[in-house]
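Novice: What follows is data-v8.cif, mmCIF, C-alpha atoms and all ligand atoms.
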data_protein
#
loop_
_atom_site.label_atom_id
_atom_site.label_comp_id
_atom_site.auth_asym_id
_atom_site.auth_seq_id
_atom_site.Cartn_x
_atom_site.Cartn_y
_atom_site.Cartn_z
CA MET A 1156 0.00 0.00 0.00
CA ILE A 1157 1.29 3.42 -0.95
CA PHE A 1158 0.02 6.09 1.45
CA TYR A 1159 0.12 9.76 0.52
CA PHE A 1160 -0.81 13.17 1.81
CA SER A 1161 -1.17 15.81 -0.87
CA SER A 1162 -2.52 19.30 -1.14
CA THR A 1163 -1.64 20.43 -4.65
CA GLY A 1164 -1.31 16.98 -6.18
CA ASN A 1165 2.45 16.31 -6.34
CA CYS A 1166 2.44 13.50 -3.77
CA ARG A 1167 -0.83 12.06 -4.98
CA TYR A 1168 0.57 11.86 -8.49
CA ILE A 1169 3.80 10.21 -7.31
CA ALA A 1170 1.94 7.69 -5.12
CA GLU A 1171 -0.49 6.81 -7.92
CA GLN A 1172 2.32 6.37 -10.45
CA ILE A 1173 4.25 4.07 -8.10
CA ALA A 1174 1.10 2.11 -7.26
CA GLY A 1175 0.19 1.79 -10.95
CA ALA A 1176 3.67 0.58 -11.90
CA THR A 1177 3.86 -1.97 -9.07
CA GLN A 1178 0.25 -3.30 -9.09
CA ASP A 1179 -0.34 -1.73 -5.69
CA SER A 1180 -2.88 0.77 -4.38
CA ALA A 1181 -2.47 4.44 -3.47
CA VAL A 1182 -4.33 5.41 -0.31
CA SER A 1183 -4.89 8.84 1.25
CA MET A 1184 -3.52 9.19 4.79
CA LEU A 1185 -6.10 11.91 5.45
CA GLY A 1186 -8.90 9.54 4.36
CA CYS A 1187 -7.60 6.83 6.73
CA LEU A 1188 -7.50 9.31 9.61
CA GLN A 1189 -11.01 10.58 8.85
CA ARG A 1190 -12.40 7.03 8.66
CA ARG A 1191 -10.27 5.98 11.67
CA GLU A 1192 -8.84 3.14 9.60
CA LEU A 1193 -5.46 2.79 11.27
CA ASP A 1194 -5.33 -0.91 12.09
CA LEU A 1195 -4.45 -2.21 8.66
CA PRO A 1196 -3.75 -5.66 7.19
CA ASP A 1197 -0.16 -6.79 6.59
CA CYS A 1198 1.22 -5.92 3.18
CA GLU A 1199 4.26 -6.65 1.02
CA VAL A 1200 5.20 -3.00 0.44
CA LEU A 1201 4.43 -0.05 2.69
CA GLY A 1202 5.17 3.29 1.03
CA ILE A 1203 4.79 6.71 2.63
CA VAL A 1204 4.76 9.64 0.19
CA SER A 1205 4.73 13.06 1.83
CA PRO A 1206 5.47 16.68 1.01
CA THR A 1207 8.25 18.31 3.00
CA TYR A 1208 6.96 21.05 5.32
CA ALA A 1209 9.54 23.25 7.05
CA TRP A 1210 12.23 20.55 6.73
CA GLY A 1211 9.92 18.02 8.34
CA LEU A 1212 6.47 16.49 7.86
CA PRO A 1213 2.97 17.99 7.70
CA ASP A 1214 1.16 17.42 11.01
CA ILE A 1215 -1.37 15.11 9.27
CA VAL A 1216 1.46 12.75 8.21
CA ASP A 1217 2.99 12.97 11.66
CA VAL A 1218 -0.33 11.90 13.30
CA PHE A 1219 -0.93 9.12 10.73
CA LEU A 1220 2.53 7.60 11.25
CA ARG A 1221 2.24 7.73 15.02
CA HIS A 1222 -1.09 5.87 15.00
CA VAL A 1223 -1.06 3.50 12.03
CA ARG A 1224 -0.54 -0.19 12.74
CA ILE A 1225 0.63 -2.11 9.69
CA ARG A 1226 3.33 -4.69 9.04
CA SER A 1227 5.20 -4.97 5.76
CA ARG A 1228 8.16 -6.75 4.21
CA TYR A 1229 9.58 -3.64 2.54
CA THR A 1230 8.99 -0.10 3.82
CA PHE A 1231 9.97 3.08 2.00
CA PHE A 1232 9.53 6.80 2.55
CA LEU A 1233 9.49 9.30 -0.29
CA ALA A 1234 9.52 13.06 0.25
CA THR A 1235 8.61 15.49 -2.50
CA TYR A 1236 10.25 18.86 -2.00
CA GLY A 1237 11.07 22.17 -3.68
CA THR A 1238 14.52 23.02 -2.32
CA THR A 1239 15.42 20.42 0.32
CA PRO A 1240 13.58 17.48 1.89
CA GLY A 1241 15.20 18.55 5.16
CA ASN A 1242 14.96 15.90 7.85
CA SER A 1243 11.60 14.54 6.76
CA ALA A 1244 12.90 10.95 6.52
CA TYR A 1245 14.29 11.17 10.06
CA PHE A 1246 10.83 12.20 11.33
CA ALA A 1247 9.07 9.51 9.26
CA GLU A 1248 11.27 6.81 10.78
CA LYS A 1249 10.86 8.22 14.26
CA TYR A 1250 7.04 8.45 14.11
CA LEU A 1251 6.60 5.09 12.37
CA GLY A 1252 8.69 3.61 15.17
CA ARG A 1253 10.79 1.27 13.03
CA PRO A 1254 13.58 1.50 10.46
CA LEU A 1255 12.77 2.34 6.86
CA ASP A 1256 14.26 0.06 4.19
CA ALA A 1257 14.63 2.88 1.69
CA LYS A 1258 14.38 6.68 1.65
CA PHE A 1259 13.79 8.62 -1.56
CA SER A 1260 13.18 12.23 -2.52
CA ILE A 1261 11.86 13.85 -5.69
CA ARG A 1262 12.18 17.55 -6.41
CA MET A 1263 8.93 19.12 -7.66
CA PRO A 1264 7.38 22.59 -7.93
CA ASP A 1265 7.51 24.25 -4.49
CA ASN A 1266 3.92 25.10 -3.59
CA PHE A 1267 5.00 27.39 -0.73
CA THR A 1268 4.22 30.40 -2.93
CA PRO A 1269 4.50 32.99 -0.17
CA TRP A 1270 8.22 32.56 -1.01
CA PHE A 1271 8.52 30.64 -4.29
CA ASP A 1272 7.36 31.77 -7.71
CA LEU A 1273 5.28 29.31 -9.76
CA SER A 1274 3.82 31.91 -12.10
CA ASP A 1275 5.76 30.74 -15.18
CA PRO A 1276 3.96 27.69 -16.67
CA GLU A 1277 6.99 26.70 -18.77
CA LYS A 1278 9.32 26.55 -15.76
CA VAL A 1279 6.72 24.59 -13.80
CA ALA A 1280 6.24 22.11 -16.67
CA ALA A 1281 10.03 21.66 -16.95
CA GLU A 1282 10.29 20.97 -13.22
CA ASN A 1283 7.53 18.36 -13.48
CA ALA A 1284 9.24 16.75 -16.47
CA ARG A 1285 12.48 16.42 -14.43
CA ALA A 1286 10.44 14.92 -11.60
CA ASP A 1287 8.99 12.32 -13.98
CA GLU A 1288 12.49 11.27 -15.00
CA LYS A 1289 13.54 10.86 -11.38
CA LEU A 1290 10.32 8.97 -10.64
CA ARG A 1291 11.18 6.34 -13.28
CA THR A 1292 14.46 5.63 -11.46
CA VAL A 1293 12.72 5.45 -8.08
CA ILE A 1294 10.09 3.03 -9.40
CA ALA A 1295 12.85 0.73 -10.68
CA GLN A 1296 14.53 0.89 -7.25
CA ILE A 1297 11.27 0.03 -5.48
CA ARG A 1298 10.62 -2.86 -7.85
CA ALA A 1299 14.14 -4.18 -7.13
CA ARG A 1300 13.51 -3.69 -3.36
CA GLU A 1301 16.69 -1.63 -3.08
CA THR A 1302 17.61 -0.57 0.43
CA GLY A 1303 19.45 2.56 1.57
CA ASN A 1304 19.23 6.31 1.84
CA PHE A 1305 18.70 7.81 -1.64
CA MET A 1306 17.58 11.25 -0.44
CA GLN A 1307 19.06 14.25 -2.23
CA MET A 1308 19.80 17.67 -0.74
CA GLU A 1309 19.52 16.44 2.86
CA PRO A 1310 20.94 18.98 5.33
CA PRO A 1311 23.06 17.94 8.33
CA PHE A 1312 21.23 15.90 10.97
CA PHE A 1313 21.31 18.56 13.72
CA THR A 1314 19.01 20.74 11.62
CA CYS A 1315 16.07 18.54 12.67
CA LEU A 1316 15.79 21.05 15.53
CA VAL A 1317 14.67 23.63 12.95
CA HIS A 1318 11.44 21.90 11.97
CA ARG A 1319 9.09 22.44 14.90
CA PRO A 1320 9.67 26.17 15.54
CA ALA A 1321 9.80 26.94 11.81
CA TYR A 1322 6.59 25.01 11.05
CA ASP A 1323 4.76 26.61 13.95
CA ARG A 1324 5.71 30.05 12.66
CA LEU A 1325 4.69 29.30 9.07
CA ARG A 1326 1.34 27.78 9.93
CA LYS A 1327 -0.23 30.68 11.77
CA THR A 1328 -3.54 31.40 10.03
CA SER A 1329 -3.10 35.11 10.77
CA HIS A 1330 -0.88 35.12 7.65
CA PHE A 1331 -4.00 34.78 5.45
CA GLU A 1332 -5.88 37.64 3.85
CA VAL A 1333 -8.94 37.49 1.58
CA GLY A 1334 -9.16 39.86 -1.37
CA GLU A 1335 -12.07 41.63 -3.03
CA THR A 1336 -12.37 38.96 -5.74
CA CYS A 1337 -13.81 36.40 -3.28
CA ILE A 1338 -17.28 35.33 -4.48
CA GLY A 1339 -18.17 33.50 -1.26
CA CYS A 1340 -18.37 30.07 -2.95
CA GLY A 1341 -17.25 28.32 0.25
CA LEU A 1342 -14.89 25.87 -1.49
CA CYS A 1343 -11.98 26.83 0.75
CA ALA A 1344 -13.99 26.06 3.91
CA LYS A 1345 -15.45 22.84 2.49
CA ASN A 1346 -12.08 21.38 1.45
CA CYS A 1347 -9.85 22.40 4.37
CA PRO A 1348 -8.54 19.11 5.80
CA VAL A 1349 -8.55 20.41 9.37
CA HIS A 1350 -11.75 22.54 9.32
CA ALA A 1351 -9.80 25.71 10.01
CA ILE A 1352 -12.09 27.89 7.85
CA GLN A 1353 -15.71 28.85 8.38
CA MET A 1354 -17.86 30.98 6.12
CA GLN A 1355 -19.15 34.02 8.00
CA ASN A 1356 -21.27 36.67 6.22
CA GLY A 1357 -20.29 35.15 2.88
CA LYS A 1358 -16.51 35.35 3.49
CA PRO A 1359 -13.97 32.81 4.79
CA VAL A 1360 -12.81 33.30 8.36
CA TRP A 1361 -9.98 31.27 9.92
CA VAL A 1362 -11.30 29.91 13.20
CA LYS A 1363 -8.10 28.14 14.32
CA GLN A 1364 -4.86 29.91 15.18
CA ARG A 1365 -2.79 27.28 13.39
CA CYS A 1366 -3.63 24.89 10.56
CA THR A 1367 -1.71 22.23 8.59
CA MET A 1368 -0.76 25.03 6.15
CA CYS A 1369 -1.21 22.80 3.13
CA LEU A 1370 -2.11 25.95 1.10
CA GLY A 1371 -4.92 24.02 -0.61
CA CYS A 1372 -7.31 26.91 0.08
CA LEU A 1373 -4.96 29.38 -1.62
CA HIS A 1374 -4.10 27.22 -4.63
CA ARG A 1375 -7.64 25.96 -5.30
CA CYS A 1376 -9.62 29.16 -4.84
CA PRO A 1377 -11.42 29.73 -8.18
CA LYS A 1378 -10.79 33.50 -7.88
CA PHE A 1379 -7.25 33.37 -6.44
CA ALA A 1380 -8.63 35.51 -3.61
CA ILE A 1381 -6.59 34.05 -0.72
CA ARG A 1382 -3.20 35.62 -0.04
CA TYR A 1383 -0.29 34.79 2.23
CA GLY A 1384 2.50 37.37 2.07
CA ALA A 1385 3.72 37.76 -1.51
CA SER A 1386 1.80 34.70 -2.78
CA TYR A 1387 -0.45 36.86 -4.99
CA LYS A 1388 2.59 37.51 -7.25
CA HIS A 1389 3.58 33.86 -7.54
CA GLY A 1390 0.59 32.16 -9.14
CA GLN A 1391 -1.59 29.23 -8.18
CA TYR A 1392 -0.41 25.65 -8.59
CA ARG A 1393 -1.91 22.21 -9.01
CA HIS A 1394 -0.08 19.23 -10.41
CA PRO A 1395 -1.39 18.72 -13.96
C1 LIG B 1 3.88 24.93 4.62
C2 LIG B 1 4.82 24.40 3.59
C3 LIG B 1 6.16 24.21 3.91
C4 LIG B 1 7.05 23.72 2.95
N1 LIG B 1 8.35 23.50 3.33
C5 LIG B 1 9.20 22.99 2.43
C6 LIG B 1 10.57 22.73 2.82
O1 LIG B 1 10.97 22.87 3.97
N2 LIG B 1 11.42 22.29 1.88
C7 LIG B 1 11.03 22.11 0.57
O2 LIG B 1 11.86 21.76 -0.25
N3 LIG B 1 9.74 22.28 0.18
C8 LIG B 1 8.82 22.72 1.09
N4 LIG B 1 7.50 22.90 0.72
C9 LIG B 1 7.09 22.53 -0.67
C10 LIG B 1 6.39 21.17 -0.76
O3 LIG B 1 7.04 20.19 0.03
C11 LIG B 1 6.31 20.67 -2.21
O4 LIG B 1 5.85 21.64 -3.09
C12 LIG B 1 5.47 19.41 -2.30
O5 LIG B 1 5.79 18.73 -3.49
C13 LIG B 1 3.97 19.68 -2.29
O6 LIG B 1 3.28 18.45 -2.36
P1 LIG B 1 1.74 18.31 -2.69
O7 LIG B 1 1.51 18.96 -4.04
O8 LIG B 1 1.48 16.85 -2.75
O9 LIG B 1 0.97 18.99 -1.61
C14 LIG B 1 6.60 23.41 1.64
C15 LIG B 1 5.25 23.61 1.32
C16 LIG B 1 4.37 24.10 2.27
C17 LIG B 1 2.93 24.30 1.90
S1 LIG B 2 -12.65 29.55 -2.38
FE1 LIG B 2 -12.01 31.65 -2.84
S2 LIG B 2 -13.82 32.61 -3.76
FE2 LIG B 2 -14.52 30.76 -2.69
S3 LIG B 2 -15.07 31.50 -0.63
FE3 LIG B 2 -12.96 30.79 -0.51
S4 LIG B 2 -11.76 32.65 -0.87
FE4 LIG B 2 -13.84 33.11 -1.56
S1 LIG B 3 -6.69 26.71 6.17
FE1 LIG B 3 -5.94 26.44 4.08
S2 LIG B 3 -3.75 26.06 4.38
FE2 LIG B 3 -4.71 25.73 6.34
S3 LIG B 3 -5.07 23.51 6.40
FE3 LIG B 3 -6.96 24.54 5.68
S4 LIG B 3 -6.81 24.44 3.44
FE4 LIG B 3 -4.75 24.03 4.27
#
Would you mind writing the structure in this file as structure tokens?
Specialist:
Amino acid sequence: MIFYFSSTGNCRYIAEQIAGATQDSAVSMLGCLQRRELDLPDCEVLGIVSPTYAWGLPDIVDVFLRHVRIRSRYTFFLATYGTTPGNSAYFAEKYLGRPLDAKFSIRMPDNFTPWFDLSDPEKVAAENARADEKLRTVIAQIRARETGNFMQMEPPFFTCLVHRPAYDRLRKTSHFEVGETCIGCGLCAKNCPVHAIQMQNGKPVWVKQRCTMCLGCLHRCPKFAIRYGASYKHGQYRHP
């Protein structure tokens, strides 16, 4: 089983491609948590595909790995990332509570658009094409049950101390603003994985101080009305 968490589609795409190429299934970690399906049957391959958030894991992945009970013959972790997967594999191993057989990373468009610019469709398409190439290699490694650490751009181990304070700073919902173009469709509130948004007087209001900060609300708003810092200059993104 290949588990994924994905906001803008990168990890979902990777998990589905791996599952398709290895006759396995891709399963949403968020779906398992929502259905409370955490006691799972043994499987041959357990794959965890996660975005990197602040050099670590999104809180949803963290909670899933701490609570899931599943045994497997071969276990791998794969981080997608924009600049560095940080210490995400270290956290995956720690929360899963057992050693990983293999650790992979694939560079993809960085959906943290408060900082990174995804407004040029050609550059984004080129980045995704490079990711596809890398994915072919990773699939071959998984098929061959290769073991080892194949992560790229990993920083030194001591930087795992960076994750928690950095993530907590990034994921304050006070960073969000809603522009005039909002039409009150309610999609952002409906799709937030942690119910951090409520519609009040036809506009979204963040009712939690912190959220997962998946940026799904920002990237999927049909009017691009949600802003976080300079994100309004950097475009919206969804994996094609
Ligand atoms: C809150 C947040 C923090 C992020 N932190 C990092 C990071 O530390 N390093 C990095 O390379 N990419 C970082 N990213 C980029 C994502 O890991 C990357 O775009 C990922 O492929 C998105 O996956 P998805 O489309 O499945 O949601 C961050 C994205 C978000 C939303
Ligand atoms: S998805 Fe966008 S347009 Fe719809 S309510 Fe939310 S902010 Fe407004
Ligand atoms: S409020 Fe937006 S960024 Fe935060 S978890 Fe919900 S959808 Fe993701």
Novice: What are the closest atom pairs, with distances in Å to one decimal, for all residues of chain A lying within 7 Å of ligand LIG 3 (chain B)? Consider all atoms listed in the file, order rows by chain and residue number, and present the result as a Markdown table.
Specialist:
| residue | atom | partner | partner_atom | distance |
| --- | --- | --- | --- | --- |
| A:Thr1328 | CA | B:LIG3 | S1 | 6.8 |
| A:Cys1343 | CA | B:LIG3 | S4 | 6.3 |
| A:Asn1346 | CA | B:LIG3 | S4 | 6.4 |
| A:Cys1347 | CA | B:LIG3 | S4 | 3.8 |
| A:Pro1348 | CA | B:LIG3 | S3 | 5.6 |
| A:Val1349 | CA | B:LIG3 | S3 | 5.5 |
| A:His1350 | CA | B:LIG3 | FE3 | 6.3 |
| A:Ala1351 | CA | B:LIG3 | S1 | 5.0 |
| A:Ile1352 | CA | B:LIG3 | S1 | 5.8 |
| A:Trp1361 | CA | B:LIG3 | S1 | 6.8 |
| A:Cys1366 | CA | B:LIG3 | FE2 | 4.4 |
| A:Thr1367 | CA | B:LIG3 | S3 | 4.2 |
| A:Met1368 | CA | B:LIG3 | S2 | 3.6 |
| A:Cys1369 | CA | B:LIG3 | FE4 | 3.9 |
| A:Leu1370 | CA | B:LIG3 | S2 | 3.7 |
| A:Gly1371 | CA | B:LIG3 | S4 | 4.5 |
| A:Cys1372 | CA | B:LIG3 | S4 | 4.2 |
| A:Leu1373 | CA | B:LIG3 | FE1 | 6.5 |
Novice: With C-alpha atoms retained, write the just-selected residues as a CSV table (one decimal), in the frame of the given file.
Specialist:
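Contents of selection03.csv, as written:
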chain,number,residue,atom,x,y,z
A,1328,THR,CA,-3.5,31.4,10.0
A,1343,CYS,CA,-12.0,26.8,0.8
A,1346,ASN,CA,-12.1,21.4,1.4
A,1347,CYS,CA,-9.8,22.4,4.4
A,1348,PRO,CA,-8.5,19.1,5.8
A,1349,VAL,CA,-8.6,20.4,9.4
A,1350,HIS,CA,-11.8,22.5,9.3
A,1351,ALA,CA,-9.8,25.7,10.0
A,1352,ILE,CA,-12.1,27.9,7.8
A,1361,TRP,CA,-10.0,31.3,9.9
A,1366,CYS,CA,-3.6,24.9,10.6
A,1367,THR,CA,-1.7,22.2,8.6
A,1368,MET,CA,-0.8,25.0,6.2
A,1369,CYS,CA,-1.2,22.8,3.1
A,1370,LEU,CA,-2.1,26.0,1.1
A,1371,GLY,CA,-4.9,24.0,-0.6
A,1372,CYS,CA,-7.3,26.9,0.1
A,1373,LEU,CA,-5.0,29.4,-1.6
Novice: Kindly provide, as a compact mmCIF listing (two decimals) with C-alpha atoms, keeping the file's coordinate frame, the polymer residues lying within 10 Å of (-8.2, 36.4, -4.8), counting all atoms listed in the file and using the coordinates exactly as they appear in the file.
Specialist:
# COMPACT_ATOMS: atom_id res chain seq x y z
CA GLU A 1332 -5.88 37.64 3.85
CA VAL A 1333 -8.94 37.49 1.58
CA GLY A 1334 -9.16 39.86 -1.37
CA GLU A 1335 -12.07 41.63 -3.03
CA THR A 1336 -12.37 38.96 -5.74
CA CYS A 1337 -13.81 36.40 -3.28
CA ILE A 1338 -17.28 35.33 -4.48
CA LEU A 1373 -4.96 29.38 -1.62
CA CYS A 1376 -9.62 29.16 -4.84
CA PRO A 1377 -11.42 29.73 -8.18
CA LYS A 1378 -10.79 33.50 -7.88
CA PHE A 1379 -7.25 33.37 -6.44
CA ALA A 1380 -8.63 35.51 -3.61
CA ILE A 1381 -6.59 34.05 -0.72
CA ARG A 1382 -3.20 35.62 -0.04
CA TYR A 1387 -0.45 36.86 -4.99
Novice: Could the residues that lie within 6 Å of ligand LIG 1 (chain B), counting all atoms listed in the file, be listed as a list of chain:residue names?
Specialist: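 These are the residues that qualify: A:Ser1161, A:Ser1162, A:Thr1163, A:Gly1164, A:Asn1165, A:Cys1166, A:Arg1167, A:Pro1206, A:Thr1207, A:Tyr1208, A:Ala1209, A:Trp1210, A:Thr1235, A:Tyr1236, A:Gly1237, A:Thr1238, A:Thr1239, A:Pro1240, A:Met1263, A:Pro1264, A:Asp1265, A:Asn1266, A:Phe1267, A:Met1368, A:Cys1369, A:Leu1370.
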Novice: Let me see the file: selected residues, C-alpha atoms, as a PDB file, in the coordinates of the input.
Specialist:
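Result file follows (selection30.pdb):
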ATOM      1  CA  SER A1161      -1.170  15.810  -0.870  1.00  0.00           C
ATOM      2  CA  SER A1162      -2.520  19.300  -1.140  1.00  0.00           C
ATOM      3  CA  THR A1163      -1.640  20.430  -4.650  1.00  0.00           C
ATOM      4  CA  GLY A1164      -1.310  16.980  -6.180  1.00  0.00           C
ATOM      5  CA  ASN A1165       2.450  16.310  -6.340  1.00  0.00           C
ATOM      6  CA  CYS A1166       2.440  13.500  -3.770  1.00  0.00           C
ATOM      7  CA  ARG A1167      -0.830  12.060  -4.980  1.00  0.00           C
ATOM      8  CA  PRO A1206       5.470  16.680   1.010  1.00  0.00           C
ATOM      9  CA  THR A1207       8.250  18.310   3.000  1.00  0.00           C
ATOM     10  CA  TYR A1208       6.960  21.050   5.320  1.00  0.00           C
ATOM     11  CA  ALA A1209       9.540  23.250   7.050  1.00  0.00           C
ATOM     12  CA  TRP A1210      12.230  20.550   6.730  1.00  0.00           C
ATOM     13  CA  THR A1235       8.610  15.490  -2.500  1.00  0.00           C
ATOM     14  CA  TYR A1236      10.250  18.860  -2.000  1.00  0.00           C
ATOM     15  CA  GLY A1237      11.070  22.170  -3.680  1.00  0.00           C
ATOM     16  CA  THR A1238      14.520  23.020  -2.320  1.00  0.00           C
ATOM     17  CA  THR A1239      15.420  20.420   0.320  1.00  0.00           C
ATOM     18  CA  PRO A1240      13.580  17.480   1.890  1.00  0.00           C
ATOM     19  CA  MET A1263       8.930  19.120  -7.660  1.00  0.00           C
ATOM     20  CA  PRO A1264       7.380  22.590  -7.930  1.00  0.00           C
ATOM     21  CA  ASP A1265       7.510  24.250  -4.490  1.00  0.00           C
ATOM     22  CA  ASN A1266       3.920  25.100  -3.590  1.00  0.00           C
ATOM     23  CA  PHE A1267       5.000  27.390  -0.730  1.00  0.00           C
ATOM     24  CA  MET A1368      -0.760  25.030   6.150  1.00  0.00           C
ATOM     25  CA  CYS A1369      -1.210  22.800   3.130  1.00  0.00           C
ATOM     26  CA  LEU A1370      -2.110  25.950   1.100  1.00  0.00           C
TER      27      LEU A1370
END
Novice: Go through A:Ala1385, A:Val1218, A:Ala1344, A:Cys1315 one by one, measure the shortest atom-to-atom distance of each to ligand LIG 2 (chain B) using all atoms listed in the file, and give the residue with the smallest value.
Specialist: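 Using all atoms listed in the file, the shortest distance to ligand LIG 2 (chain B) belongs to A:Ala1344.
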Novice: For Arg1253 of chain A, please output as a list of chain:residue names all residues within 12 Å (counting all atoms listed in the file; exclusion window: fewer than 6 positions along the same chain).
Specialist: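 Selected residues are A:Leu1220, A:Arg1221, A:Arg1224, A:Ile1225, A:Arg1226, A:Ser1227, A:Tyr1229, A:Thr1230, A:Phe1231, A:Phe1232, A:Ala1244, A:Tyr1245, A:Phe1246, A:Ala1247.
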Novice: One number please: atom CA of Ser1205 of chain A to atom CA of Phe1271 of chain A, in Å, one decimal.
Specialist: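 That distance, rounded to one decimal, is 19.0 Å.
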Novice: How many Å separate atom CA of Ala1280 of chain A from atom CA of Arg1262 of chain A?
Specialist: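 Pair atom CA of Ala1280 of chain A / atom CA of Arg1262 of chain A returns 12.7 Å.
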Novice: I need the residue nearest ligand LIG 2 (chain B) from this list: A:Cys1340, A:Leu1273, A:Ala1176, A:Leu1185. Use only C-alpha atoms and all ligand atoms for the distance.
Specialist: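 That would be A:Cys1340, the residue with the smallest distance to ligand LIG 2 (chain B).
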Novice: Between A:Ser1386, A:Ser1183, A:Gln1364, A:Gln1355, which residue has the minimum interatomic distance to ligand LIG 2 (chain B), considering all atoms listed in the file?
Specialist: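 Residue with the minimum atom-to-atom distance to ligand LIG 2 (chain B): A:Gln1355.
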Novice: Hey, which of A:Gly1202, A:Gly1303, A:Pro1196, A:Pro1359 ends up closest to ligand LIG 2 (chain B)? Count all atoms listed in the file.
Specialist: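 Of A:Gly1202, A:Gly1303, A:Pro1196, A:Pro1359, the one nearest ligand LIG 2 (chain B) is A:Pro1359, counting all atoms listed in the file.
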Novice: Work out how far atom CA of Ala1295 of chain A is from atom CA of Pro1310 of chain A, in Å to one decimal.
Specialist: 25.6 Å
